[in-house]
Structures are given as C-alpha cells and as structure tokens.
file target-v7.txt (compact mmCIF, C-alpha atoms)
# COMPACT_ATOMS: atom_id res chain seq x y z
CA MET A 1 0.00 0.00 0.00
CA LYS A 2 1.42 3.33 -1.10
CA PHE A 3 -0.38 6.68 -1.12
CA TRP A 4 0.02 9.61 -3.47
CA VAL A 5 -1.01 12.94 -1.96
CA VAL A 6 -1.97 15.36 -4.72
CA GLY A 7 -1.84 19.01 -3.62
CA LYS A 8 0.77 18.59 -0.89
CA ASP A 9 1.16 22.34 -0.30
CA GLY A 10 -2.48 22.97 0.57
CA LEU A 11 -3.89 22.98 4.09
CA LEU A 12 -5.24 19.43 3.96
CA GLY A 13 -2.41 18.17 1.77
CA ARG A 14 0.16 19.18 4.36
CA GLU A 15 -1.89 17.64 7.17
CA MET A 16 -2.27 14.44 5.15
CA CYS A 17 1.49 14.18 4.62
CA ASP A 18 2.08 14.88 8.31
CA PHE A 19 -0.35 12.11 9.30
CA PHE A 20 1.28 9.59 6.98
CA ASP A 21 4.75 10.56 8.17
CA LYS A 22 3.87 10.26 11.87
CA ASN A 23 2.11 6.92 11.39
CA GLY A 24 4.73 5.27 9.22
CA VAL A 25 2.51 5.10 6.13
CA TYR A 26 4.38 4.82 2.84
CA PHE A 27 3.55 7.80 0.63
CA VAL A 28 4.70 10.20 -2.05
CA ALA A 29 3.35 13.70 -2.64
CA SER A 30 3.17 16.23 -5.43
CA SER A 31 2.38 19.89 -5.93
CA HIS A 32 1.43 21.86 -9.02
CA GLY A 33 5.05 21.96 -10.16
CA GLY A 34 5.64 18.25 -9.69
CA ALA A 35 2.50 16.82 -11.26
CA ASP A 36 -0.04 19.34 -12.56
CA ILE A 37 -3.54 17.83 -12.29
CA LEU A 38 -4.39 19.57 -15.57
CA ASP A 39 -1.56 17.77 -17.38
CA GLU A 40 -2.41 14.12 -17.98
CA LYS A 41 1.08 13.31 -19.24
CA ALA A 42 2.66 14.72 -16.09
CA LEU A 43 0.25 12.74 -13.92
CA LEU A 44 1.03 9.52 -15.78
CA ALA A 45 4.78 10.15 -15.54
CA PHE A 46 4.52 10.66 -11.77
CA TYR A 47 2.42 7.52 -11.43
CA ASN A 48 4.85 5.44 -13.49
CA LYS A 49 7.75 6.63 -11.36
CA HIS A 50 6.15 5.87 -7.98
CA LYS A 51 3.38 3.28 -8.63
CA PRO A 52 1.02 4.24 -5.77
CA SER A 53 -1.98 2.10 -4.83
CA HIS A 54 -4.13 5.05 -3.65
CA ILE A 55 -4.43 8.66 -4.83
CA VAL A 56 -5.64 11.24 -2.29
CA ASN A 57 -6.69 14.37 -4.15
CA CYS A 58 -6.33 17.39 -1.85
CA ALA A 59 -5.94 19.87 -4.72
CA ALA A 60 -8.80 22.31 -5.32
CA TYR A 61 -9.74 25.89 -6.03
CA VAL A 62 -11.24 27.11 -2.76
CA ASN A 63 -11.68 30.90 -3.09
CA VAL A 64 -15.47 30.92 -2.95
CA ASP A 65 -15.95 34.60 -3.76
CA GLU A 66 -13.38 34.83 -6.54
CA ALA A 67 -14.96 31.79 -8.20
CA GLU A 68 -17.94 34.02 -9.00
CA GLY A 69 -15.77 36.31 -11.13
CA LYS A 70 -12.13 36.34 -12.10
CA GLY A 71 -11.52 32.86 -10.69
CA LYS A 72 -14.44 31.16 -12.44
CA GLU A 73 -12.40 29.54 -15.21
CA LEU A 74 -9.66 28.36 -12.88
CA ALA A 75 -12.23 26.98 -10.43
CA TYR A 76 -13.71 24.88 -13.24
CA LEU A 77 -10.29 23.64 -14.31
CA LEU A 78 -9.06 22.66 -10.85
CA ASN A 79 -12.36 21.40 -9.43
CA VAL A 80 -13.72 19.60 -12.50
CA GLU A 81 -11.03 18.93 -15.09
CA GLY A 82 -8.43 18.01 -12.47
CA PRO A 83 -10.56 15.31 -10.82
CA LYS A 84 -11.55 14.09 -14.28
CA ASN A 85 -7.88 13.62 -15.21
CA LEU A 86 -7.13 11.82 -11.95
CA THR A 87 -10.14 9.56 -12.46
CA ARG A 88 -8.96 8.61 -15.95
CA LEU A 89 -5.54 7.73 -14.55
CA ALA A 90 -7.00 5.75 -11.65
CA LYS A 91 -9.26 3.81 -14.03
CA LYS A 92 -6.41 3.06 -16.41
CA GLU A 93 -4.17 1.75 -13.65
CA GLU A 94 -7.02 0.26 -11.57
CA ILE A 95 -6.01 2.05 -8.37
CA ARG A 96 -8.10 3.79 -5.74
CA LEU A 97 -8.92 7.50 -5.86
CA LEU A 98 -9.99 9.45 -2.78
CA HIS A 99 -11.30 12.94 -3.48
CA ILE A 100 -12.29 15.74 -1.08
CA GLY A 101 -15.73 17.29 -1.53
CA THR A 102 -17.65 20.06 0.20
CA ASP A 103 -20.85 20.88 2.06
CA TYR A 104 -21.39 23.68 -0.49
CA VAL A 105 -22.95 21.18 -2.93
CA PHE A 106 -26.14 21.74 -0.88
CA ASP A 107 -28.38 24.82 -0.89
CA GLY A 108 -28.68 25.02 2.91
CA GLU A 109 -32.48 24.94 3.03
CA LYS A 110 -32.80 21.60 4.84
CA LYS A 111 -33.58 21.91 8.57
CA THR A 112 -31.80 18.67 9.52
CA ASP A 113 -28.34 17.32 8.72
CA TYR A 114 -27.56 16.43 5.12
CA THR A 115 -26.97 12.77 4.29
CA GLU A 116 -25.15 11.30 1.30
CA THR A 117 -28.49 10.52 -0.38
CA ASP A 118 -29.91 14.05 -0.16
CA GLU A 119 -30.43 16.01 -3.35
CA THR A 120 -27.67 18.46 -4.20
CA ASN A 121 -28.36 22.02 -5.29
CA PRO A 122 -25.31 24.32 -5.08
CA ILE A 123 -25.99 28.06 -4.90
CA ASN A 124 -22.54 29.35 -5.82
CA GLU A 125 -19.98 28.65 -8.52
CA TYR A 126 -17.55 26.97 -6.15
CA GLY A 127 -20.23 24.49 -5.08
CA ARG A 128 -21.24 23.85 -8.68
CA THR A 129 -17.69 23.04 -9.78
CA LYS A 130 -17.09 20.82 -6.75
CA LEU A 131 -20.28 18.90 -7.50
CA LEU A 132 -19.23 18.28 -11.09
CA GLY A 133 -15.82 17.12 -9.88
CA GLU A 134 -17.18 14.66 -7.33
CA ARG A 135 -19.48 13.19 -9.97
CA GLU A 136 -16.45 12.38 -12.12
CA VAL A 137 -14.86 10.51 -9.22
CA ILE A 138 -17.80 8.49 -7.90
CA CYS A 139 -18.64 7.17 -11.36
CA TYR A 140 -15.48 5.11 -11.00
CA GLU A 141 -15.99 1.87 -9.03
CA LYS A 142 -12.84 2.52 -6.96
CA GLY A 143 -13.52 6.23 -6.55
CA LEU A 144 -14.52 7.85 -3.26
CA CYS A 145 -15.62 11.40 -2.49
CA LEU A 146 -15.47 12.54 1.12
CA ARG A 147 -17.46 15.73 1.66
CA THR A 148 -16.38 17.94 4.53
CA ALA A 149 -16.77 21.53 5.75
CA SER A 150 -14.86 24.54 7.09
CA ILE A 151 -11.43 22.91 7.29
CA TYR A 152 -8.74 24.42 9.50
CA GLY A 153 -5.27 23.22 10.42
CA LYS A 154 -1.83 24.17 11.65
CA SER A 155 -0.03 24.26 8.32
CA LYS A 156 -1.75 27.22 6.64
CA PRO A 157 -4.10 30.10 7.52
CA GLY A 158 -7.78 29.17 7.66
CA ILE A 159 -11.10 30.10 9.20
CA ILE A 160 -9.97 29.71 12.83
CA SER A 161 -6.58 31.41 12.50
CA GLY A 162 -8.40 34.29 10.81
CA MET A 163 -10.73 34.62 13.79
CA ILE A 164 -7.81 34.51 16.22
CA ASP A 165 -6.02 37.27 14.30
CA ALA A 166 -9.20 39.36 14.29
CA VAL A 167 -9.83 39.23 18.06
CA LYS A 168 -6.15 39.92 18.73
CA SER A 169 -6.03 42.99 16.50
CA LYS A 170 -9.51 44.61 16.43
CA GLU A 171 -11.68 46.09 19.19
CA VAL A 172 -14.96 45.11 17.49
CA VAL A 173 -15.30 41.95 15.40
CA GLN A 174 -18.41 40.69 13.65
CA HIS A 175 -19.53 37.50 11.96
CA ILE A 176 -22.60 35.90 10.42
CA SER A 177 -25.25 34.46 12.72
CA ASP A 178 -27.35 32.66 10.10
CA GLN A 179 -24.65 30.55 8.40
CA ILE A 180 -24.39 27.23 10.23
CA SER A 181 -22.01 24.34 9.56
CA THR A 182 -19.29 22.39 11.38
CA PRO A 183 -15.64 23.43 11.66
CA THR A 184 -13.43 20.45 10.85
CA TYR A 185 -9.90 19.92 12.12
CA ALA A 186 -7.71 18.76 9.22
CA LYS A 187 -5.86 16.44 11.59
CA ASP A 188 -9.08 14.49 12.27
CA LEU A 189 -10.05 14.57 8.60
CA ALA A 190 -6.70 13.12 7.53
CA GLU A 191 -7.13 10.20 9.93
CA ALA A 192 -10.66 9.54 8.63
CA ILE A 193 -9.43 9.55 5.03
CA PHE A 194 -6.88 6.87 5.87
CA GLN A 195 -9.43 4.72 7.66
CA ILE A 196 -11.86 4.65 4.71
CA ARG A 197 -9.13 4.25 2.11
CA ASP A 198 -10.65 1.13 0.55
CA GLN A 199 -14.28 2.28 0.41
CA SER A 200 -16.09 3.68 -2.63
CA GLY A 201 -18.88 6.16 -3.29
CA LEU A 202 -19.97 9.14 -1.19
CA PHE A 203 -19.20 9.80 2.46
CA HIS A 204 -19.47 12.76 4.82
CA PHE A 205 -17.02 13.67 7.56
CA THR A 206 -16.83 16.67 9.88
CA ASN A 207 -16.26 16.99 13.58
CA GLU A 208 -19.46 16.44 15.55
CA GLY A 209 -22.00 19.19 16.21
CA SER A 210 -22.84 22.45 14.46
CA VAL A 211 -22.39 26.15 15.08
CA SER A 212 -23.00 29.49 13.39
CA ARG A 213 -20.05 31.58 12.29
CA TYR A 214 -20.95 34.14 14.97
CA GLU A 215 -21.10 31.51 17.74
CA LEU A 216 -17.83 30.06 16.51
CA LEU A 217 -16.18 33.46 16.72
CA LEU A 218 -17.51 33.90 20.26
CA TYR A 219 -16.06 30.51 21.23
CA VAL A 220 -12.66 31.39 19.76
CA TRP A 221 -12.70 34.79 21.50
CA HIS A 222 -13.41 33.30 24.91
CA LEU A 223 -10.91 30.49 24.35
CA VAL A 224 -7.96 32.74 23.49
CA LYS A 225 -8.76 34.93 26.49
CA GLU A 226 -8.88 31.83 28.69
CA LEU A 227 -5.44 30.83 27.42
CA GLY A 228 -4.07 34.21 28.46
CA LEU A 229 -3.35 35.64 25.03
CA ASP A 230 -3.26 39.39 24.44
CA VAL A 231 -6.72 40.16 23.03
CA LYS A 232 -7.74 43.59 21.75
CA CYS A 233 -11.37 42.67 21.00
CA ARG A 234 -13.98 44.06 23.39
CA GLU A 235 -17.15 43.20 21.47
CA VAL A 236 -18.33 40.51 19.06
CA LYS A 237 -21.31 41.43 16.90
CA ALA A 238 -23.75 39.26 14.98
CA VAL A 239 -24.74 40.14 11.41
CA LEU A 240 -26.97 38.45 8.84
CA GLN A 241 -25.66 37.02 5.60
CA LYS A 242 -27.94 39.30 3.56
CA ASP A 243 -26.27 42.34 5.11
CA CYS A 244 -22.75 41.26 4.17
CA SER A 245 -21.07 42.25 0.95
CA ARG A 246 -19.76 39.00 -0.51
CA ALA A 247 -19.74 37.92 -4.13
CA ALA A 248 -20.89 34.37 -3.42
CA LYS A 249 -23.98 33.32 -1.54
CA ARG A 250 -23.41 30.65 1.12
CA PRO A 251 -25.80 27.91 2.30
CA LEU A 252 -27.59 28.95 5.49
CA ARG A 253 -27.37 25.50 7.12
CA SER A 254 -25.03 22.95 5.56
CA VAL A 255 -24.46 20.56 8.45
CA LEU A 256 -23.36 17.11 7.27
CA SER A 257 -24.45 13.83 8.86
CA ASN A 258 -21.61 11.52 9.93
CA LYS A 259 -23.80 8.45 10.45
CA LYS A 260 -22.66 6.56 7.35
CA ILE A 261 -18.94 6.90 8.00
CA GLU A 262 -19.06 6.18 11.73
CA LYS A 263 -19.04 2.40 11.33
CA PHE A 264 -15.83 2.56 9.30
CA LEU A 265 -13.89 4.56 11.90
CA GLN A 266 -11.87 3.13 14.75
CA LYS A 267 -13.00 5.66 17.35
CA PRO A 268 -15.85 8.14 17.91
CA ILE A 269 -15.68 11.43 16.03
CA ARG A 270 -14.66 14.30 18.28
CA LYS A 271 -16.98 17.21 18.97
CA TRP A 272 -15.92 20.39 17.20
CA GLU A 273 -15.27 22.14 20.52
CA GLU A 274 -12.78 19.49 21.66
CA ALA A 275 -10.89 19.47 18.37
CA LEU A 276 -10.82 23.26 18.20
CA ARG A 277 -9.52 23.61 21.76
CA GLU A 278 -6.66 21.21 20.98
CA TYR A 279 -5.80 23.16 17.84
CA VAL A 280 -5.78 26.55 19.57
CA GLU A 281 -3.72 25.25 22.48
CA GLU A 282 -1.16 23.86 20.04
CA ILE A 283 -0.72 26.98 17.94
CA CYS A 284 -0.89 29.62 20.67

call {"tool": "encode", "arguments": {"input": "target-v7.txt", "output": "structure tokens"}}
result
Amino acid sequence: MKFWVVGKDGLLGREMCDFFDKNGVYFVASSHGGADILDEKALLAFYNKHKPSHIVNCAAYVNVDEAEGKGKELAYLLNVEGPKNLTRLAKKEEIRLLHIGTDYVFDGEKKTDYTETDETNPINEYGRTKLLGEREVICYEKGLCLRTASIYGKSKPGIISGMIDAVKSKEVVQHISDQISTPTYAKDLAEAIFQIRDQSGLFHFTNEGSVSRYELLLYVWHLVKELGLDVKCREVKAVLQKDCSRAAKRPLRSVLSNKKIEKFLQKPIRKWEEALREYVEEIC
C-alpha cells in the first residue's frame, strides 16, 4: 500500500502528509510543479515513477468569492477537469482514488443534517464546480468522495486562524449568525481519510455538532482569552448574511451527517469544541 497525496502544499495536503509521516505510512506527494492535475502526461509520468496504490486528491480551487468572477475559469479547471484527469488515470491503472468534496454542494435549506443521499443544489460557482468534480470521481468503481466543511489546520491560515487574528487585533469583530455548519480539524479529517481508504462512493465527515459563524467566533474569542493571550477585541457582533457584501452566496445551514462513515472509523468522532480547543492550544 502506497499513497500519493496530490496538492501537498495545501492545508489538507500538508496535514495528510504529516499524518502519513507520523504513522509510518508509505507515501509520495506532489504539488502543481511536480505533477499538474491539468496535465495528464505529467500525472502519468509521476504515477509510473512511484506506482502508488491510492491517490488522495487534496488539490482544489477554494476561493469561494473569486470563483464568481475572475476565478471562475480556474475553479472549473481545478475542481472539474483536475478530478476528471485523476479519475482517468486511476481507471487506467485500476487504483483507488480518494477525493475531497464540500458541504457547499447543498443549498442550505434543509432543517436537519444532510446525508449522502440528499439532493444536491449548489448556490454558488464553487459548489457547482465541486459537485461536477465529485461526480467524475464516484462514477469510477474505486472512486470515493469525502465531503467535509470549514477545514482548518496548523499548516496554513484558515477560518480559525483568521478569527484569532481578528480578536487579537480589532476592538470590534463581527460575523454571520445565520450561516451554520461544522468546523473540521484537518488532523481528524486526515485520519478519517486513511481509515476509509478502501471504500467507494460518497461519504461525509466533519467533527461532531454544528455552530454558526458568529457563535464560533464567540467561542474562539473566549478560548484565546482563557489561554491568556493578548486580546484587543472588546465586542463581538452578529450580522446576517444578507447584510454582508460578498460575491458568493453561502448555504444557510449545511451541516453534514456523519452516520454513514461512523461504522468505518476506529474511534468516535470528536466534537468540534474538543478538536478546536486542541488546535488553539497547540498553535498559541
């Protein structure tokens, strides 16, 4: 068993490599310069050199707002054509392909958690391209798409590090109270990916629970104060999504159900609060 991490320089890609390294899992990894997912010849050359048994595709275009405008073409290339190229390679060599999806394939109108069988209906360009990409992968009998949400990790800036920076540098910070999902620690996601490495089809994985962006910011604010960090923020305000100036609309409630994946994991999924506390304690 040998893994190939595609997109090694991204947030999840770095966490995936770190997990494999710490757990003695044999792997190779590539970035855009080493094996461009838009270049089928480069992908084949990398495969022929290393002969992996599993591809883990962590490469994606993730700028949700830019995907509505100047990033639209690139989002389509990286989120649709890239997975299509990897699927062709995986089919040709009869190896497994694990691809990372998103909660943004849903419109956010459902009042309960989304399952893998729920109808998709993305409301922004990022979600639309990610949906097309996952369809390419799951049409392959050894292809797996693992949808997740709001990933953060130690290797690169993300949603949580942005909140920490905000409460450390601004007196008043605001966030959206009607956008609800689940922050997901990349460390936990990487472990889940490894544990379902030989499954196929659609799965969901996030940390357990759900929270609005505003409530998440409040939690981060109180946590960094508890840890004794120098915090400038004196007030956290709630705002509605409709009152924010953002190019892309987000789902109001895109909480994913973990029920399907739970039986394939070796331990219970951590609550988002527990995972987040560990992360903040480690980086601060």

call {"tool": "residues_around", "arguments": {"input": "target-v7.txt", "residues": "A:Lys271", "least_positions_apart": "5", "cutoff": "9 Å", "atoms": "all atoms listed in the file", "output": "PyMOL selection string"}}
result
chain A and resi 207-209+276

call {"tool": "atom_distance", "arguments": {"input": "target-v7.txt", "atom1": "atom CA of A:Gly201", "atom2": "atom CA of A:Val62"}}
result
22.3 Å

call {"tool": "residues_around", "arguments": {"input": "target-v7.txt", "residues": "A:Val231", "least_positions_apart": "4", "cutoff": "8 Å", "atoms": "only C-alpha atoms", "output": "list in words"}}
result
Val167, Lys168, Ser169, Val224 and Lys225 of chain A

call {"tool": "residues_around", "arguments": {"input": "target-v7.txt", "residues": "A:Gln199", "least_positions_apart": "5", "cutoff": "12 Å", "atoms": "only C-alpha atoms", "output": "ChimeraX atom specification"}}
result
/A:54,96-99,138,140-146,192-194,260-261,263-265

call {"tool": "write_last_selection", "arguments": {"input": "target-v7.txt", "atoms": "C-alpha atoms", "output": "PDB file, in the frame of the given file"}}
result
ATOM      1  CA  HIS A  54      -4.130   5.050  -3.650  1.00  0.00           C
ATOM      2  CA  ARG A  96      -8.100   3.790  -5.740  1.00  0.00           C
ATOM      3  CA  LEU A  97      -8.920   7.500  -5.860  1.00  0.00           C
ATOM      4  CA  LEU A  98      -9.990   9.450  -2.780  1.00  0.00           C
ATOM      5  CA  HIS A  99     -11.300  12.940  -3.480  1.00  0.00           C
ATOM      6  CA  ILE A 138     -17.800   8.490  -7.900  1.00  0.00           C
ATOM      7  CA  TYR A 140     -15.480   5.110 -11.000  1.00  0.00           C
ATOM      8  CA  GLU A 141     -15.990   1.870  -9.030  1.00  0.00           C
ATOM      9  CA  LYS A 142     -12.840   2.520  -6.960  1.00  0.00           C
ATOM     10  CA  GLY A 143     -13.520   6.230  -6.550  1.00  0.00           C
ATOM     11  CA  LEU A 144     -14.520   7.850  -3.260  1.00  0.00           C
ATOM     12  CA  CYS A 145     -15.620  11.400  -2.490  1.00  0.00           C
ATOM     13  CA  LEU A 146     -15.470  12.540   1.120  1.00  0.00           C
ATOM     14  CA  ALA A 192     -10.660   9.540   8.630  1.00  0.00           C
ATOM     15  CA  ILE A 193      -9.430   9.550   5.030  1.00  0.00           C
ATOM     16  CA  PHE A 194      -6.880   6.870   5.870  1.00  0.00           C
ATOM     17  CA  LYS A 260     -22.660   6.560   7.350  1.00  0.00           C
ATOM     18  CA  ILE A 261     -18.940   6.900   8.000  1.00  0.00           C
ATOM     19  CA  LYS A 263     -19.040   2.400  11.330  1.00  0.00           C
ATOM     20  CA  PHE A 264     -15.830   2.560   9.300  1.00  0.00           C
ATOM     21  CA  LEU A 265     -13.890   4.560  11.900  1.00  0.00           C
TER      22      LEU A 265
END

call {"tool": "residues_around", "arguments": {"input": "target-v7.txt", "residues": "A:Asp18", "least_positions_apart": "4", "cutoff": "12 Å", "atoms": "all atoms listed in the file", "output": "ChimeraX atom specification"}}
result
/A:5,8-9,11-14,22-29,153-155,186-188,190-191

call {"tool": "residues_around", "arguments": {"input": "target-v7.txt", "residues": "A:Lys111", "least_positions_apart": "5", "cutoff": "12 Å", "atoms": "all atoms listed in the file", "output": "list in words"}}
result
Ile180, Ser181, Pro251, Leu252, Arg253, Ser254, Val255 and Leu256 of chain A

call {"tool": "atom_distance", "arguments": {"input": "target-v7.txt", "atom1": "atom CA of A:Val6", "atom2": "atom CA of A:Ile196"}}
result
17.4 Å

call {"tool": "decode", "arguments": {"input": "target-v7.txt", "residues": "stretch 239-267 of chain A", "atoms": "N, CA and C atoms", "output": "PDB file, in the first residue's frame"}}
result
ATOM      1  N   VAL A 239     -24.156  39.539  12.606  1.00  0.00           N
ATOM      2  CA  VAL A 239     -24.744  40.136  11.412  1.00  0.00           C
ATOM      3  C   VAL A 239     -25.400  39.031  10.590  1.00  0.00           C
ATOM      4  N   LEU A 240     -26.303  39.416   9.710  1.00  0.00           N
ATOM      5  CA  LEU A 240     -26.965  38.453   8.838  1.00  0.00           C
ATOM      6  C   LEU A 240     -26.235  38.369   7.506  1.00  0.00           C
ATOM      7  N   GLN A 241     -26.332  37.212   6.881  1.00  0.00           N
ATOM      8  CA  GLN A 241     -25.657  37.019   5.605  1.00  0.00           C
ATOM      9  C   GLN A 241     -26.116  38.041   4.562  1.00  0.00           C
ATOM     10  N   LYS A 242     -27.397  38.366   4.564  1.00  0.00           N
ATOM     11  CA  LYS A 242     -27.942  39.300   3.559  1.00  0.00           C
ATOM     12  C   LYS A 242     -27.373  40.708   3.698  1.00  0.00           C
ATOM     13  N   ASP A 243     -26.821  41.006   4.872  1.00  0.00           N
ATOM     14  CA  ASP A 243     -26.273  42.336   5.109  1.00  0.00           C
ATOM     15  C   ASP A 243     -24.768  42.412   4.865  1.00  0.00           C
ATOM     16  N   CYS A 244     -24.189  41.307   4.429  1.00  0.00           N
ATOM     17  CA  CYS A 244     -22.753  41.258   4.166  1.00  0.00           C
ATOM     18  C   CYS A 244     -22.489  41.390   2.666  1.00  0.00           C
ATOM     19  N   SER A 245     -21.431  42.062   2.347  1.00  0.00           N
ATOM     20  CA  SER A 245     -21.071  42.255   0.946  1.00  0.00           C
ATOM     21  C   SER A 245     -20.076  41.179   0.527  1.00  0.00           C
ATOM     22  N   ARG A 246     -20.598  40.093  -0.018  1.00  0.00           N
ATOM     23  CA  ARG A 246     -19.762  39.003  -0.511  1.00  0.00           C
ATOM     24  C   ARG A 246     -20.270  38.577  -1.878  1.00  0.00           C
ATOM     25  N   ALA A 247     -19.351  38.253  -2.760  1.00  0.00           N
ATOM     26  CA  ALA A 247     -19.736  37.918  -4.130  1.00  0.00           C
ATOM     27  C   ALA A 247     -20.561  36.641  -4.200  1.00  0.00           C
ATOM     28  N   ALA A 248     -20.225  35.669  -3.367  1.00  0.00           N
ATOM     29  CA  ALA A 248     -20.889  34.367  -3.423  1.00  0.00           C
ATOM     30  C   ALA A 248     -21.863  34.188  -2.264  1.00  0.00           C
ATOM     31  N   LYS A 249     -23.020  33.673  -2.577  1.00  0.00           N
ATOM     32  CA  LYS A 249     -23.979  33.319  -1.537  1.00  0.00           C
ATOM     33  C   LYS A 249     -23.567  31.995  -0.897  1.00  0.00           C
ATOM     34  N   ARG A 250     -23.727  31.886   0.419  1.00  0.00           N
ATOM     35  CA  ARG A 250     -23.412  30.652   1.125  1.00  0.00           C
ATOM     36  C   ARG A 250     -24.683  29.963   1.594  1.00  0.00           C
ATOM     37  N   PRO A 251     -24.647  28.619   1.725  1.00  0.00           N
ATOM     38  CA  PRO A 251     -25.801  27.908   2.301  1.00  0.00           C
ATOM     39  C   PRO A 251     -26.039  28.367   3.740  1.00  0.00           C
ATOM     40  N   LEU A 252     -27.304  28.523   4.122  1.00  0.00           N
ATOM     41  CA  LEU A 252     -27.589  28.952   5.489  1.00  0.00           C
ATOM     42  C   LEU A 252     -27.276  27.853   6.503  1.00  0.00           C
ATOM     43  N   ARG A 253     -27.660  26.614   6.198  1.00  0.00           N
ATOM     44  CA  ARG A 253     -27.367  25.503   7.115  1.00  0.00           C
ATOM     45  C   ARG A 253     -26.888  24.304   6.305  1.00  0.00           C
ATOM     46  N   SER A 254     -25.602  24.032   6.371  1.00  0.00           N
ATOM     47  CA  SER A 254     -25.031  22.948   5.562  1.00  0.00           C
ATOM     48  C   SER A 254     -24.335  21.929   6.461  1.00  0.00           C
ATOM     49  N   VAL A 255     -25.016  21.534   7.507  1.00  0.00           N
ATOM     50  CA  VAL A 255     -24.463  20.560   8.449  1.00  0.00           C
ATOM     51  C   VAL A 255     -24.548  19.162   7.842  1.00  0.00           C
ATOM     52  N   LEU A 256     -23.431  18.436   7.862  1.00  0.00           N
ATOM     53  CA  LEU A 256     -23.357  17.108   7.265  1.00  0.00           C
ATOM     54  C   LEU A 256     -23.534  16.017   8.314  1.00  0.00           C
ATOM     55  N   SER A 257     -24.270  14.981   7.975  1.00  0.00           N
ATOM     56  CA  SER A 257     -24.448  13.830   8.857  1.00  0.00           C
ATOM     57  C   SER A 257     -23.247  12.897   8.746  1.00  0.00           C
ATOM     58  N   ASN A 258     -22.744  12.454   9.888  1.00  0.00           N
ATOM     59  CA  ASN A 258     -21.611  11.520   9.926  1.00  0.00           C
ATOM     60  C   ASN A 258     -22.032  10.060  10.099  1.00  0.00           C
ATOM     61  N   LYS A 259     -23.328   9.791  10.092  1.00  0.00           N
ATOM     62  CA  LYS A 259     -23.804   8.451  10.450  1.00  0.00           C
ATOM     63  C   LYS A 259     -23.238   7.352   9.556  1.00  0.00           C
ATOM     64  N   LYS A 260     -23.127   7.607   8.262  1.00  0.00           N
ATOM     65  CA  LYS A 260     -22.658   6.563   7.354  1.00  0.00           C
ATOM     66  C   LYS A 260     -21.207   6.184   7.627  1.00  0.00           C
ATOM     67  N   ILE A 261     -20.370   7.172   7.871  1.00  0.00           N
ATOM     68  CA  ILE A 261     -18.936   6.900   8.000  1.00  0.00           C
ATOM     69  C   ILE A 261     -18.561   6.326   9.362  1.00  0.00           C
ATOM     70  N   GLU A 262     -19.413   6.549  10.359  1.00  0.00           N
ATOM     71  CA  GLU A 262     -19.061   6.184  11.734  1.00  0.00           C
ATOM     72  C   GLU A 262     -18.658   4.717  11.880  1.00  0.00           C
ATOM     73  N   LYS A 263     -19.332   3.832  11.158  1.00  0.00           N
ATOM     74  CA  LYS A 263     -19.039   2.399  11.330  1.00  0.00           C
ATOM     75  C   LYS A 263     -17.709   1.982  10.706  1.00  0.00           C
ATOM     76  N   PHE A 264     -17.108   2.868   9.925  1.00  0.00           N
ATOM     77  CA  PHE A 264     -15.825   2.558   9.302  1.00  0.00           C
ATOM     78  C   PHE A 264     -14.642   3.127  10.090  1.00  0.00           C
ATOM     79  N   LEU A 265     -14.937   3.906  11.128  1.00  0.00           N
ATOM     80  CA  LEU A 265     -13.888   4.562  11.895  1.00  0.00           C
ATOM     81  C   LEU A 265     -13.563   3.782  13.165  1.00  0.00           C
ATOM     82  N   GLN A 266     -12.340   3.921  13.618  1.00  0.00           N
ATOM     83  CA  GLN A 266     -11.868   3.130  14.748  1.00  0.00           C
ATOM     84  C   GLN A 266     -12.182   3.757  16.100  1.00  0.00           C
ATOM     85  N   LYS A 267     -12.645   4.993  16.103  1.00  0.00           N
ATOM     86  CA  LYS A 267     -12.997   5.661  17.351  1.00  0.00           C
ATOM     87  C   LYS A 267     -14.072   6.706  17.075  1.00  0.00           C
TER      88      LYS A 267
END
